[in-house]
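Enquirer: My file is entry-v3.cif. It has mmCIF, C-alpha atoms:
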data_target
loop_
_atom_site.label_atom_id
_atom_site.label_comp_id
_atom_site.auth_asym_id
_atom_site.auth_seq_id
_atom_site.Cartn_x
_atom_site.Cartn_y
_atom_site.Cartn_z
CA MET Y 921 64.29 90.21 122.22
CA SER Y 922 64.60 93.75 120.75
CA ARG Y 923 67.71 94.91 118.94
CA TRP Y 924 68.35 97.54 121.61
CA LYS Y 925 68.21 94.95 124.39
CA LYS Y 926 70.59 92.68 122.47
CA LEU Y 927 72.95 95.62 121.98
CA LEU Y 928 72.86 96.48 125.71
CA ILE Y 929 73.58 92.86 126.64
CA PHE Y 930 76.47 92.75 124.20
CA MET Y 931 77.89 96.03 125.51
CA SER Y 932 77.78 94.66 129.06
CA ILE Y 933 79.67 91.51 128.03
CA ILE Y 934 82.44 92.85 125.79
CA GLY Y 935 85.78 93.48 127.40
CA PRO Y 936 87.75 90.32 128.28
CA GLY Y 937 88.33 89.24 124.65
CA ILE Y 938 89.22 92.68 123.28
CA ILE Y 939 91.44 93.58 126.26
CA THR Y 940 93.31 90.26 126.36
CA ALA Y 941 94.09 90.28 122.63
CA ASN Y 942 95.12 93.95 122.55
CA ILE Y 943 97.37 93.72 125.59
CA ASP Y 944 99.28 91.07 123.65
CA ASN Y 945 100.57 94.00 121.56
CA ASP Y 946 102.78 94.96 124.49
CA ALA Y 947 106.32 96.37 124.47
CA GLY Y 948 107.79 93.02 123.38
CA GLY Y 949 105.24 92.47 120.62
CA ILE Y 950 105.60 96.01 119.27
CA THR Y 951 109.39 95.60 119.23
CA THR Y 952 109.06 92.35 117.23
CA TYR Y 953 106.77 93.95 114.62
CA SER Y 954 108.91 97.11 114.39
CA VAL Y 955 112.13 95.15 113.85
CA ALA Y 956 110.41 92.90 111.28
CA GLY Y 957 109.25 95.89 109.23
CA ALA Y 958 112.55 97.78 109.47
CA ARG Y 959 114.70 94.79 108.50
CA TYR Y 960 112.55 93.02 105.90
CA GLY Y 961 110.02 95.56 104.68
CA TYR Y 962 106.60 94.12 103.82
CA ALA Y 963 107.99 90.58 103.38
CA LEU Y 964 106.63 89.26 106.69
CA LEU Y 965 103.08 90.61 106.45
CA TRP Y 966 101.74 87.21 105.29
CA THR Y 967 102.56 85.69 108.70
CA LEU Y 968 99.69 87.66 110.25
CA ILE Y 969 97.06 85.56 108.43
CA PRO Y 970 97.93 82.19 110.07
CA THR Y 971 98.64 84.08 113.30
CA THR Y 972 95.11 85.52 113.37
CA ILE Y 973 93.51 82.14 112.65
CA ALA Y 974 95.54 80.44 115.40
CA LEU Y 975 94.76 83.21 117.88
CA ILE Y 976 91.00 83.03 117.23
CA VAL Y 977 90.93 79.22 117.59
CA ILE Y 978 92.82 79.17 120.91
CA GLN Y 979 91.16 82.21 122.50
CA GLU Y 980 87.63 81.09 121.60
CA MET Y 981 88.27 77.70 123.17
CA VAL Y 982 89.58 79.21 126.42
CA ALA Y 983 86.76 81.76 126.56
CA ARG Y 984 84.20 78.96 126.13
CA MET Y 985 85.64 77.14 129.14
CA GLY Y 986 85.40 80.30 131.21
CA VAL Y 987 81.75 80.86 130.24
CA ILE Y 988 80.61 77.25 130.75
CA THR Y 989 82.52 76.42 133.95
CA GLY Y 990 82.66 79.83 135.61
CA LYS Y 991 86.22 78.95 136.65
CA GLY Y 992 89.72 80.02 135.69
CA LEU Y 993 92.12 77.76 133.80
CA SER Y 994 94.37 77.27 136.85
CA ASP Y 995 91.34 76.21 138.87
CA LEU Y 996 90.42 73.54 136.33
CA ILE Y 997 93.99 72.25 135.95
CA ARG Y 998 94.33 71.92 139.74
CA GLU Y 999 90.99 70.11 140.06
CA GLN Y 1000 91.71 67.66 137.24
CA TYR Y 1001 95.48 67.10 137.48
CA GLY Y 1002 96.39 67.85 141.09
CA VAL Y 1003 98.24 70.50 143.06
CA LYS Y 1004 101.77 69.23 142.31
CA VAL Y 1005 101.53 69.57 138.51
CA THR Y 1006 99.81 72.92 138.86
CA PHE Y 1007 102.36 74.23 141.38
CA PHE Y 1008 105.38 73.58 139.15
CA MET Y 1009 103.59 75.11 136.15
CA MET Y 1010 102.79 78.22 138.20
CA ILE Y 1011 106.42 78.61 139.33
CA VAL Y 1012 107.65 78.64 135.72
CA LEU Y 1013 104.87 81.04 134.72
CA LEU Y 1014 105.72 83.33 137.64
CA ILE Y 1015 109.36 83.59 136.53
CA ALA Y 1016 108.36 84.12 132.89
CA ASN Y 1017 105.80 86.78 133.73
CA PHE Y 1018 108.25 88.57 136.01
CA GLY Y 1019 110.55 89.01 133.01
CA THR Y 1020 107.60 90.16 130.88
CA THR Y 1021 106.58 92.74 133.52
CA VAL Y 1022 110.15 94.08 133.58
CA ALA Y 1023 109.94 94.41 129.78
CA GLU Y 1024 106.70 96.41 130.10
CA PHE Y 1025 108.25 98.92 132.51
CA ALA Y 1026 111.37 99.10 130.30
CA GLY Y 1027 109.08 99.96 127.37
CA TRP Y 1028 107.31 102.60 129.46
CA ALA Y 1029 110.67 104.13 130.46
CA ALA Y 1030 111.92 104.16 126.86
CA SER Y 1031 108.73 105.81 125.53
CA MET Y 1032 108.93 108.51 128.20
CA GLU Y 1033 112.54 109.26 127.25
CA VAL Y 1034 111.35 109.96 123.69
CA PHE Y 1035 109.54 112.98 125.18
CA GLY Y 1036 112.56 113.97 127.29
CA LEU Y 1037 111.10 112.70 130.56
CA SER Y 1038 113.35 110.95 133.08
CA LYS Y 1039 112.66 107.29 133.76
CA TYR Y 1040 113.59 107.87 137.40
CA VAL Y 1041 110.47 110.00 137.72
CA MET Y 1042 108.10 108.36 135.23
CA VAL Y 1043 108.66 104.69 136.14
CA PRO Y 1044 107.72 105.20 139.83
CA LEU Y 1045 104.70 107.29 138.76
CA GLY Y 1046 103.63 104.63 136.25
CA ALA Y 1047 104.08 101.86 138.82
CA PHE Y 1048 102.02 103.77 141.39
CA PHE Y 1049 99.21 104.36 138.87
CA VAL Y 1050 99.17 100.68 137.92
CA TRP Y 1051 99.14 99.59 141.58
CA ILE Y 1052 96.45 102.02 142.78
CA LEU Y 1053 94.18 101.22 139.82
CA VAL Y 1054 93.99 97.50 140.58
CA THR Y 1055 94.27 97.44 144.38
CA LYS Y 1056 91.80 100.26 145.01
CA GLY Y 1057 89.52 100.01 141.97
CA SER Y 1058 86.69 97.66 141.03
CA TYR Y 1059 86.70 95.13 138.19
CA LYS Y 1060 84.23 97.25 136.19
CA MET Y 1061 86.33 100.39 136.57
CA VAL Y 1062 89.57 98.61 135.62
CA GLU Y 1063 87.89 97.02 132.58
CA ARG Y 1064 86.49 100.35 131.37
CA ILE Y 1065 89.87 102.06 131.67
CA LEU Y 1066 91.55 99.21 129.79
CA LEU Y 1067 88.93 99.31 127.02
CA VAL Y 1068 89.34 103.07 126.56
CA ALA Y 1069 93.13 102.69 126.57
CA CYS Y 1070 92.83 100.04 123.83
CA LEU Y 1071 91.57 102.83 121.54
CA LEU Y 1072 95.01 104.47 121.72
CA PHE Y 1073 96.39 101.57 119.72
CA LEU Y 1074 94.76 103.27 116.74
CA GLY Y 1075 97.77 105.57 116.82
CA TYR Y 1076 99.67 102.85 114.97
CA VAL Y 1077 97.01 102.81 112.24
CA PHE Y 1078 97.31 106.59 111.76
CA SER Y 1079 101.13 106.30 111.73
CA GLY Y 1080 100.81 103.65 109.02
CA PHE Y 1081 98.70 105.86 106.75
CA MET Y 1082 100.90 108.90 107.41
CA SER Y 1083 103.94 106.95 106.22
CA LYS Y 1084 102.34 106.76 102.70
CA PRO Y 1085 102.93 103.04 102.00
CA ASP Y 1086 102.82 101.15 98.70
CA TRP Y 1087 99.39 99.45 98.98
CA ASN Y 1088 99.87 97.27 95.88
CA GLN Y 1089 103.07 95.80 97.30
CA ILE Y 1090 101.38 95.39 100.70
CA ALA Y 1091 98.53 93.39 99.13
CA LYS Y 1092 101.02 91.15 97.32
CA ASN Y 1093 103.11 90.43 100.44
CA THR Y 1094 100.03 89.89 102.61
CA PHE Y 1095 98.50 87.16 100.48
CA ILE Y 1096 101.57 85.62 98.79
CA PRO Y 1097 103.98 84.08 101.33
CA SER Y 1098 107.70 84.65 100.78
CA MET Y 1099 110.71 83.32 102.65
CA GLU Y 1100 114.37 84.20 102.97
CA TRP Y 1101 116.44 81.25 104.13
CA ASN Y 1102 118.57 82.95 106.74
CA SER Y 1103 118.40 82.55 110.51
CA GLU Y 1104 117.29 86.14 111.25
CA PHE Y 1105 114.35 86.00 108.82
CA ILE Y 1106 113.23 82.60 110.14
CA MET Y 1107 113.56 83.72 113.75
CA LEU Y 1108 111.46 86.83 113.11
CA THR Y 1109 108.85 84.72 111.29
CA ILE Y 1110 108.60 82.45 114.33
CA ALA Y 1111 108.66 85.40 116.74
CA ILE Y 1112 105.74 87.15 115.01
CA ILE Y 1113 103.59 84.04 115.37
CA GLY Y 1114 104.93 83.14 118.80
CA THR Y 1115 104.55 86.60 120.34
CA THR Y 1116 100.80 86.54 119.62
CA ILE Y 1117 99.84 83.48 121.68
CA THR Y 1118 101.32 83.42 125.18
CA PRO Y 1119 100.53 81.35 128.30
CA TRP Y 1120 99.45 84.32 130.41
CA MET Y 1121 96.78 85.28 127.85
CA GLN Y 1122 94.96 81.99 128.30
CA PHE Y 1123 94.86 82.32 132.08
CA TYR Y 1124 93.88 85.98 132.08
CA LEU Y 1125 91.09 85.62 129.53
CA GLN Y 1126 89.42 82.71 131.31
CA SER Y 1127 89.84 84.28 134.76
CA SER Y 1128 88.43 87.64 133.67
CA ILE Y 1129 85.40 85.96 132.06
CA ALA Y 1130 84.83 83.96 135.25
CA GLU Y 1131 85.16 87.05 137.49
CA LYS Y 1132 82.85 89.07 135.24
CA GLY Y 1133 80.24 86.33 135.64
CA ILE Y 1134 79.40 85.77 131.96
CA HIS Y 1135 76.93 82.86 131.66
CA ARG Y 1136 76.35 80.32 128.90
CA GLU Y 1137 73.26 82.11 127.55
CA HIS Y 1138 75.61 84.97 126.60
CA TYR Y 1139 78.30 82.72 125.13
CA LYS Y 1140 77.74 83.96 121.54
CA ALA Y 1141 78.33 87.56 122.60
CA SER Y 1142 81.48 86.51 124.47
CA ARG Y 1143 82.73 84.61 121.42
CA PHE Y 1144 82.14 87.69 119.25
CA ASP Y 1145 84.10 89.77 121.77
CA VAL Y 1146 87.04 87.36 121.45
CA ILE Y 1147 86.97 87.27 117.64
CA VAL Y 1148 86.79 91.07 117.36
CA GLY Y 1149 89.71 91.38 119.79
CA CYS Y 1150 91.82 88.94 117.76
CA PHE Y 1151 91.19 90.84 114.52
CA ILE Y 1152 91.91 94.22 116.11
CA THR Y 1153 95.22 93.15 117.64
CA ASP Y 1154 96.55 91.77 114.36
CA ILE Y 1155 95.34 94.80 112.39
CA ILE Y 1156 97.43 96.91 114.79
CA ALA Y 1157 100.40 94.57 114.23
CA PHE Y 1158 99.83 94.91 110.46
CA PHE Y 1159 100.15 98.70 110.62
CA ILE Y 1160 103.20 98.64 112.91
CA ILE Y 1161 105.02 96.51 110.33
CA ILE Y 1162 103.80 98.78 107.50
CA THR Y 1163 104.98 101.94 109.26
CA CYS Y 1164 108.52 100.69 109.82
CA ALA Y 1165 108.68 98.91 106.45
CA THR Y 1166 107.71 102.08 104.57
CA THR Y 1167 109.93 104.55 106.41
CA LEU Y 1168 112.95 102.68 107.78
CA PHE Y 1169 113.51 99.67 105.48
CA PRO Y 1170 114.22 101.66 102.26
CA HIS Y 1171 116.94 103.63 104.10
CA GLY Y 1172 118.56 100.55 105.62
CA ILE Y 1173 117.93 101.74 109.18
CA ARG Y 1174 118.30 98.80 111.55
CA ILE Y 1175 116.64 99.03 114.93
CA THR Y 1176 116.61 96.77 117.98
CA ASP Y 1177 113.52 98.04 119.80
CA ALA Y 1178 110.30 100.04 119.42
CA HIS Y 1179 111.82 103.08 121.16
CA GLU Y 1180 114.40 103.38 118.36
CA ALA Y 1181 111.61 103.01 115.79
CA ALA Y 1182 109.68 105.95 117.27
CA LEU Y 1183 112.79 108.17 117.12
CA ALA Y 1184 113.79 107.01 113.63
CA LEU Y 1185 110.34 107.71 112.15
CA LYS Y 1186 110.57 111.48 112.64
CA PRO Y 1187 112.74 112.40 109.61
CA PHE Y 1188 110.75 110.17 107.24
CA ALA Y 1189 107.12 110.22 108.40
CA GLY Y 1190 107.12 113.50 110.32
CA GLN Y 1191 106.81 114.58 113.93
CA TYR Y 1192 103.15 113.54 114.27
CA ALA Y 1193 103.76 109.96 113.13
CA SER Y 1194 106.76 109.67 115.45
CA THR Y 1195 104.77 111.06 118.38
CA LEU Y 1196 101.80 108.77 117.71
CA PHE Y 1197 104.14 105.78 117.60
CA ALA Y 1198 105.77 106.75 120.93
CA VAL Y 1199 102.44 107.49 122.63
CA SER Y 1200 101.09 104.12 121.49
CA LEU Y 1201 104.22 102.40 122.82
CA ALA Y 1202 103.74 104.11 126.20
CA ASN Y 1203 100.09 103.05 126.23
CA ALA Y 1204 100.91 99.44 125.31
CA SER Y 1205 103.64 99.23 127.95
CA ILE Y 1206 101.53 100.57 130.80
CA LEU Y 1207 98.59 98.32 129.83
CA GLY Y 1208 100.93 95.33 129.80
CA ALA Y 1209 102.25 96.38 133.22
CA ILE Y 1210 98.66 96.27 134.50
CA VAL Y 1211 97.50 93.02 132.94
CA VAL Y 1212 100.53 90.68 133.03
CA PRO Y 1213 100.98 90.93 136.85
CA LEU Y 1214 97.19 90.72 137.18
CA ALA Y 1215 97.12 87.51 135.16
CA THR Y 1216 99.96 86.16 137.31
CA ALA Y 1217 98.11 86.89 140.55
CA TYR Y 1218 94.94 85.31 139.14
CA TYR Y 1219 96.43 81.99 138.11
CA ILE Y 1220 98.67 81.51 141.15
CA CYS Y 1221 95.78 82.14 143.54
CA GLU Y 1222 93.42 79.90 141.56
CA ALA Y 1223 96.06 77.16 141.48
CA MET Y 1224 96.55 77.30 145.24
CA GLY Y 1225 92.86 77.72 146.07
CA TRP Y 1226 93.29 81.26 147.43
CA GLU Y 1227 90.78 84.10 147.08
CA ALA Y 1228 91.36 86.20 143.96
CA GLY Y 1229 89.75 89.13 142.18
CA VAL Y 1230 90.06 92.85 141.48
CA ASP Y 1231 86.86 93.45 143.42
CA LYS Y 1232 88.50 91.99 146.55
CA THR Y 1233 90.47 93.96 149.17
CA PHE Y 1234 93.82 93.20 150.83
CA LYS Y 1235 91.82 91.77 153.72
CA ASP Y 1236 89.61 89.59 151.49
CA ALA Y 1237 92.36 88.35 149.12
CA PRO Y 1238 95.77 89.07 150.70
CA HIS Y 1239 97.73 86.59 148.52
CA PHE Y 1240 96.24 88.02 145.31
CA MET Y 1241 96.99 91.62 146.23
CA TRP Y 1242 100.49 90.94 147.57
CA ILE Y 1243 101.53 88.91 144.52
CA TYR Y 1244 100.36 91.78 142.31
CA THR Y 1245 102.08 94.41 144.47
CA THR Y 1246 105.37 92.51 144.70
CA LEU Y 1247 105.60 92.02 140.93
CA ILE Y 1248 104.95 95.73 140.30
CA VAL Y 1249 107.44 96.96 142.90
CA ILE Y 1250 110.35 94.64 142.05
CA SER Y 1251 109.92 94.99 138.26
CA SER Y 1252 109.80 98.79 138.35
CA LEU Y 1253 112.79 99.03 140.72
CA LEU Y 1254 114.83 96.69 138.51
CA VAL Y 1255 114.32 98.97 135.50
CA LEU Y 1256 115.80 101.86 137.51
CA ILE Y 1257 119.03 100.02 138.41
CA PRO Y 1258 121.90 101.07 136.10
CA GLY Y 1259 123.35 98.05 134.32
CA ALA Y 1260 120.54 95.69 135.36
CA PRO Y 1261 120.42 92.59 133.08
CA LEU Y 1262 117.13 93.59 131.41
CA ILE Y 1263 117.91 91.94 128.06
CA LEU Y 1264 118.80 88.65 129.76
CA LEU Y 1265 115.54 88.75 131.75
CA MET Y 1266 113.52 89.42 128.59
CA ILE Y 1267 115.22 86.54 126.73
CA LEU Y 1268 114.65 84.20 129.68
CA SER Y 1269 111.02 85.31 129.84
CA SER Y 1270 110.44 84.61 126.14
CA LEU Y 1271 112.19 81.27 126.39
CA LEU Y 1272 110.16 80.11 129.41
CA ASN Y 1273 106.89 81.28 127.84
CA GLY Y 1274 107.76 79.43 124.65
CA LEU Y 1275 108.62 76.21 126.48
CA LEU Y 1276 105.51 76.33 128.66
CA LEU Y 1277 102.94 77.33 126.03
CA PRO Y 1278 102.54 73.83 124.48
CA PHE Y 1279 101.85 72.30 127.93
CA VAL Y 1280 99.22 74.96 128.69
CA LEU Y 1281 97.51 74.40 125.34
CA VAL Y 1282 97.50 70.60 125.71
CA PHE Y 1283 95.92 70.93 129.18
CA ALA Y 1284 93.35 73.36 127.76
CA LEU Y 1285 92.47 71.00 124.90
CA ARG Y 1286 92.06 68.03 127.21
CA LEU Y 1287 89.85 70.04 129.53
CA VAL Y 1288 87.66 71.51 126.76
CA ASN Y 1289 87.02 67.99 125.40
CA ASP Y 1290 86.00 66.57 128.79
CA LYS Y 1291 82.20 66.14 128.69
CA LYS Y 1292 82.03 66.00 132.48
CA ILE Y 1293 83.33 69.56 132.53
CA MET Y 1294 81.94 71.05 129.31
CA GLY Y 1295 78.79 69.01 128.61
CA GLU Y 1296 77.54 69.76 125.11
CA TYR Y 1297 80.07 72.56 124.67
CA THR Y 1298 83.08 70.36 123.94
CA ASN Y 1299 84.96 70.89 120.68
CA THR Y 1300 83.43 69.54 117.50
CA ARG Y 1301 85.54 67.18 115.37
CA SER Y 1302 86.45 69.96 112.93
CA HIS Y 1303 87.27 72.32 115.78
CA ASN Y 1304 89.53 69.67 117.30
CA LEU Y 1305 91.33 69.15 113.98
CA ILE Y 1306 91.99 72.88 113.73
CA SER Y 1307 92.88 73.17 117.43
CA TRP Y 1308 95.30 70.24 117.55
CA GLY Y 1309 96.80 71.32 114.23
CA THR Y 1310 97.35 74.78 115.71
CA VAL Y 1311 98.91 73.27 118.83
CA ILE Y 1312 101.27 71.06 116.79
CA VAL Y 1313 102.40 74.06 114.70
CA ILE Y 1314 102.91 76.15 117.84
CA ILE Y 1315 104.90 73.35 119.50
CA ALA Y 1316 107.13 73.12 116.42
CA LEU Y 1317 107.57 76.90 116.27
CA THR Y 1318 108.26 77.35 119.98
CA ALA Y 1319 110.72 74.44 119.97
CA THR Y 1320 112.55 76.03 117.03
CA LEU Y 1321 112.47 79.47 118.67
CA ALA Y 1322 113.77 78.01 121.96
CA PHE Y 1323 116.61 76.27 120.10
CA MET Y 1324 117.53 79.43 118.18
CA THR Y 1325 117.41 81.49 121.40
CA VAL Y 1326 119.57 79.11 123.42
CA THR Y 1327 122.14 78.30 120.70
CA PRO Y 1328 123.74 81.81 120.57
CA MET Y 1329 124.02 81.78 124.38
CA TRP Y 1330 126.23 78.69 124.21
CA ASN Y 1331 128.37 79.77 121.26
#
Could I get this file's structure written as structure tokens?

Expert:
Amino acid sequence: MSRWKKLLIFMSIIGPGIITANIDNDAGGITTYSVAGARYGYALLWTLIPTTIALIVIQEMVARMGVITGKGLSDLIREQYGVKVTFFMMIVLLIANFGTTVAEFAGWAASMEVFGLSKYVMVPLGAFFVWILVTKGSYKMVERILLVACLLFLGYVFSGFMSKPDWNQIAKNTFIPSMEWNSEFIMLTIAIIGTTITPWMQFYLQSSIAEKGIHREHYKASRFDVIVGCFITDIIAFFIIITCATTLFPHGIRITDAHEAALALKPFAGQYASTLFAVSLANASILGAIVVPLATAYYICEAMGWEAGVDKTFKDAPHFMWIYTTLIVISSLLVLIPGAPLILLMILSSLLNGLLLPFVLVFALRLVNDKKIMGEYTNTRSHNLISWGTVIVIIALTATLAFMTVTPMWN
């Protein structure tokens, strides 16, 4: 096969891995990285190395199942473990993803306010764009738009360089782990790792690979797509931390969200860096508002045996389209209500995602090691050691994060 033909095949396959990983840098993820950099400087950069390894291991495994089986993760769980188990898992995921979708529209509203635009105008416009893109577009069109939009994440890289960081100190903190034994530092350490691997990612990646129709002969290209996506998303996270660590940390400026970071950057890194940061936040939020409800519609329909897919119409897949529409409408309206409990919803969302993630990963590992399902493409012994080790670490981290999240609520 010629190099040009291989390149064309690869270009036709890339998308699911890069999109899924990059969308993980949504409003919530960007807020976590921004706060980490502003409060602890470069000290938390080292966490991105184990995070990247864990992300690659889990995403490759899920992508492999999608390529080999041609089915989504919900589909496989329902077939192997029954409707009842799947139904309860989907209910929890629905609630968690509702909170995440609200967070995406809140991030979109906040980024628009940086430019002096009213959320009462921009949130409805953003919601309409998101809805029309998925309900009236094709899978190929949606994927191309998402891939192009992923390029806007480079704004964080430019902001990082424009902040003129100390590269020697960055290298030291990246490769030499350091810890501060206080609850805030530990919680941010856990949050950086935990915000990278979420339940919805696993369902969306496998479903999008199945809908795209990627076959086993193109598995290597699909795996490369996943690995590239994982590296890109954590490089972006790296530069978000650097930007805030360089400009805000030395001046003791404490922030609570990415919107505050964009505003605070202006006096220290200049108007362009601040604008790039805000534009990238807007881009991340609107992409998250597209993909998180889409992932939700995918896995609920697969779990219940209903028709699903972006290429379908309201007539062909009414449940899929109405789940997507309902999530968009209610989430966007909630952001517009003065005094709505957005923070509580976001905390609940993170908590539910954290509690559910270990169950999703255990199901995925059991499925990927079932020879009746995967044939010769089950995990190797070394892959299983890495995978189960990753799962055990994630379970420990999410349990700790859940405990630390709940404890203040009861005090």

Enquirer: Hey, which of Y:Asn1093, Y:Gln1000, Y:Thr1167, Y:Ser1128 ends up closest to Ile934 (chain Y)? Count only C-alpha atoms.

Expert: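 Smallest separation from Ile934 (chain Y) among the options: Y:Ser1128.
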
Enquirer: Quick check on the file I pasted: which residues fall under the PyMOL selection byres ((chain Y and resi 1042) around 12)? Write them as a PDB file with C-alpha atoms, in the frame of the given file.

Expert:
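And here is the file that came out, out.pdb:
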ATOM      1  CA  PHE Y1025     108.250  98.920 132.510  1.00  0.00           C
ATOM      2  CA  ALA Y1026     111.370  99.100 130.300  1.00  0.00           C
ATOM      3  CA  GLY Y1027     109.080  99.960 127.370  1.00  0.00           C
ATOM      4  CA  TRP Y1028     107.310 102.600 129.460  1.00  0.00           C
ATOM      5  CA  ALA Y1029     110.670 104.130 130.460  1.00  0.00           C
ATOM      6  CA  ALA Y1030     111.920 104.160 126.860  1.00  0.00           C
ATOM      7  CA  SER Y1031     108.730 105.810 125.530  1.00  0.00           C
ATOM      8  CA  MET Y1032     108.930 108.510 128.200  1.00  0.00           C
ATOM      9  CA  GLU Y1033     112.540 109.260 127.250  1.00  0.00           C
ATOM     10  CA  PHE Y1035     109.540 112.980 125.180  1.00  0.00           C
ATOM     11  CA  GLY Y1036     112.560 113.970 127.290  1.00  0.00           C
ATOM     12  CA  LEU Y1037     111.100 112.700 130.560  1.00  0.00           C
ATOM     13  CA  SER Y1038     113.350 110.950 133.080  1.00  0.00           C
ATOM     14  CA  LYS Y1039     112.660 107.290 133.760  1.00  0.00           C
ATOM     15  CA  TYR Y1040     113.590 107.870 137.400  1.00  0.00           C
ATOM     16  CA  VAL Y1041     110.470 110.000 137.720  1.00  0.00           C
ATOM     17  CA  VAL Y1043     108.660 104.690 136.140  1.00  0.00           C
ATOM     18  CA  PRO Y1044     107.720 105.200 139.830  1.00  0.00           C
ATOM     19  CA  LEU Y1045     104.700 107.290 138.760  1.00  0.00           C
ATOM     20  CA  GLY Y1046     103.630 104.630 136.250  1.00  0.00           C
ATOM     21  CA  ALA Y1047     104.080 101.860 138.820  1.00  0.00           C
ATOM     22  CA  PHE Y1048     102.020 103.770 141.390  1.00  0.00           C
ATOM     23  CA  PHE Y1049      99.210 104.360 138.870  1.00  0.00           C
ATOM     24  CA  ALA Y1202     103.740 104.110 126.200  1.00  0.00           C
ATOM     25  CA  ILE Y1206     101.530 100.570 130.800  1.00  0.00           C
ATOM     26  CA  SER Y1252     109.800  98.790 138.350  1.00  0.00           C
ATOM     27  CA  LEU Y1253     112.790  99.030 140.720  1.00  0.00           C
ATOM     28  CA  VAL Y1255     114.320  98.970 135.500  1.00  0.00           C
ATOM     29  CA  LEU Y1256     115.800 101.860 137.510  1.00  0.00           C
TER      30      LEU Y1256
END

Enquirer: Expand the PyMOL selection byres ((chain Y and resi 1081) around 12) into the individual residues it matches in the shown file, reporting them as a compact mmCIF listing (two decimals) with C-alpha atoms, in the coordinates of the input.

Expert:
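This went into out-v3.txt:
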# COMPACT_ATOMS: atom_id res chain seq x y z
CA LEU Y 1074 94.76 103.27 116.74
CA GLY Y 1075 97.77 105.57 116.82
CA TYR Y 1076 99.67 102.85 114.97
CA VAL Y 1077 97.01 102.81 112.24
CA PHE Y 1078 97.31 106.59 111.76
CA SER Y 1079 101.13 106.30 111.73
CA GLY Y 1080 100.81 103.65 109.02
CA MET Y 1082 100.90 108.90 107.41
CA SER Y 1083 103.94 106.95 106.22
CA LYS Y 1084 102.34 106.76 102.70
CA PRO Y 1085 102.93 103.04 102.00
CA ASP Y 1086 102.82 101.15 98.70
CA TRP Y 1087 99.39 99.45 98.98
CA PHE Y 1158 99.83 94.91 110.46
CA PHE Y 1159 100.15 98.70 110.62
CA ILE Y 1160 103.20 98.64 112.91
CA ILE Y 1161 105.02 96.51 110.33
CA ILE Y 1162 103.80 98.78 107.50
CA THR Y 1163 104.98 101.94 109.26
CA CYS Y 1164 108.52 100.69 109.82
CA THR Y 1166 107.71 102.08 104.57
CA THR Y 1167 109.93 104.55 106.41
CA ALA Y 1189 107.12 110.22 108.40
CA GLY Y 1190 107.12 113.50 110.32
CA TYR Y 1192 103.15 113.54 114.27
CA ALA Y 1193 103.76 109.96 113.13
CA LEU Y 1196 101.80 108.77 117.71

Enquirer: Would you mind listing what lies within 9 Å of Asn1203 (chain Y) as a list of chain:residue names, with only C-alpha atoms counted and same-chain residues fewer than 5 positions away left out?

Expert: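 The neighbour list is Y:Asp946, Y:Trp1028, Y:Ala1069, Y:Cys1070, Y:Leu1072, Y:Phe1073, Y:Ala1198, Y:Gly1208.
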
Enquirer: When the PyMOL selection byres ((chain Y and resi 1109-1112) around 7) is applied to the file above, which residues end up in the set, as a list in words?

Expert: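 Listing what the PyMOL selection byres ((chain Y and resi 1109-1112) around 7) selects in the shown file: Thr952, Tyr953, Leu964, Thr967, Phe1105, Ile1106, Met1107, Leu1108, Ile1113, Gly1114, Thr1115, Thr1116, Leu1317 and Leu1321 of chain Y.
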
Enquirer: So which one's closest to Asn945 (chain Y), Y:Ser1205, Y:Thr989, Y:Gln979, Y:Thr1021? Using all atoms listed in the file, please.

Expert: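 Ranked by minimum distance to Asn945 (chain Y), first place goes to Y:Ser1205.
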
Enquirer: Figure out the distance between CA of Glu980 (chain Y) and CA of Arg1143 (chain Y), please, to one decimal in Å.

Expert: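 Between CA of Arg1143 (chain Y) and CA of Glu980 (chain Y) the gap works out to 6.0 Å.
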
Enquirer: Would you mind telling me which residue in Y:Ala1223, Y:Ile1306, Y:Leu968, Y:Leu1277 lies nearest to Tyr1001 (chain Y) when using only C-alpha atoms?

Expert: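 Checking each of Y:Ala1223, Y:Ile1306, Y:Leu968, Y:Leu1277 against Tyr1001 (chain Y), counting only C-alpha atoms, the winner is Y:Ala1223.
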
Enquirer: Report the distance between CA of Arg959 (chain Y) and CA of Ser1098 (chain Y) in Å, rounded to one decimal place.

Expert: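 Between CA of Arg959 (chain Y) and CA of Ser1098 (chain Y) the gap works out to 14.5 Å.
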
Enquirer: In Å to one decimal, how far is CA of Val1146 (chain Y) from CA of Leu1276 (chain Y)?

Expert: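 Computing the Euclidean distance for CA of Leu1276 (chain Y) and CA of Val1146 (chain Y) yields 22.7 Å.
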
Enquirer: Of the residues Y:Ile1250, Y:Ile997, Y:Met985, Y:Ala958, which is the one nearest to Arg1136 (chain Y), using all atoms listed in the file?

Expert: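 Going through Y:Ile1250, Y:Ile997, Y:Met985, Y:Ala958 one by one, the smallest distance to Arg1136 (chain Y) is for Y:Met985.
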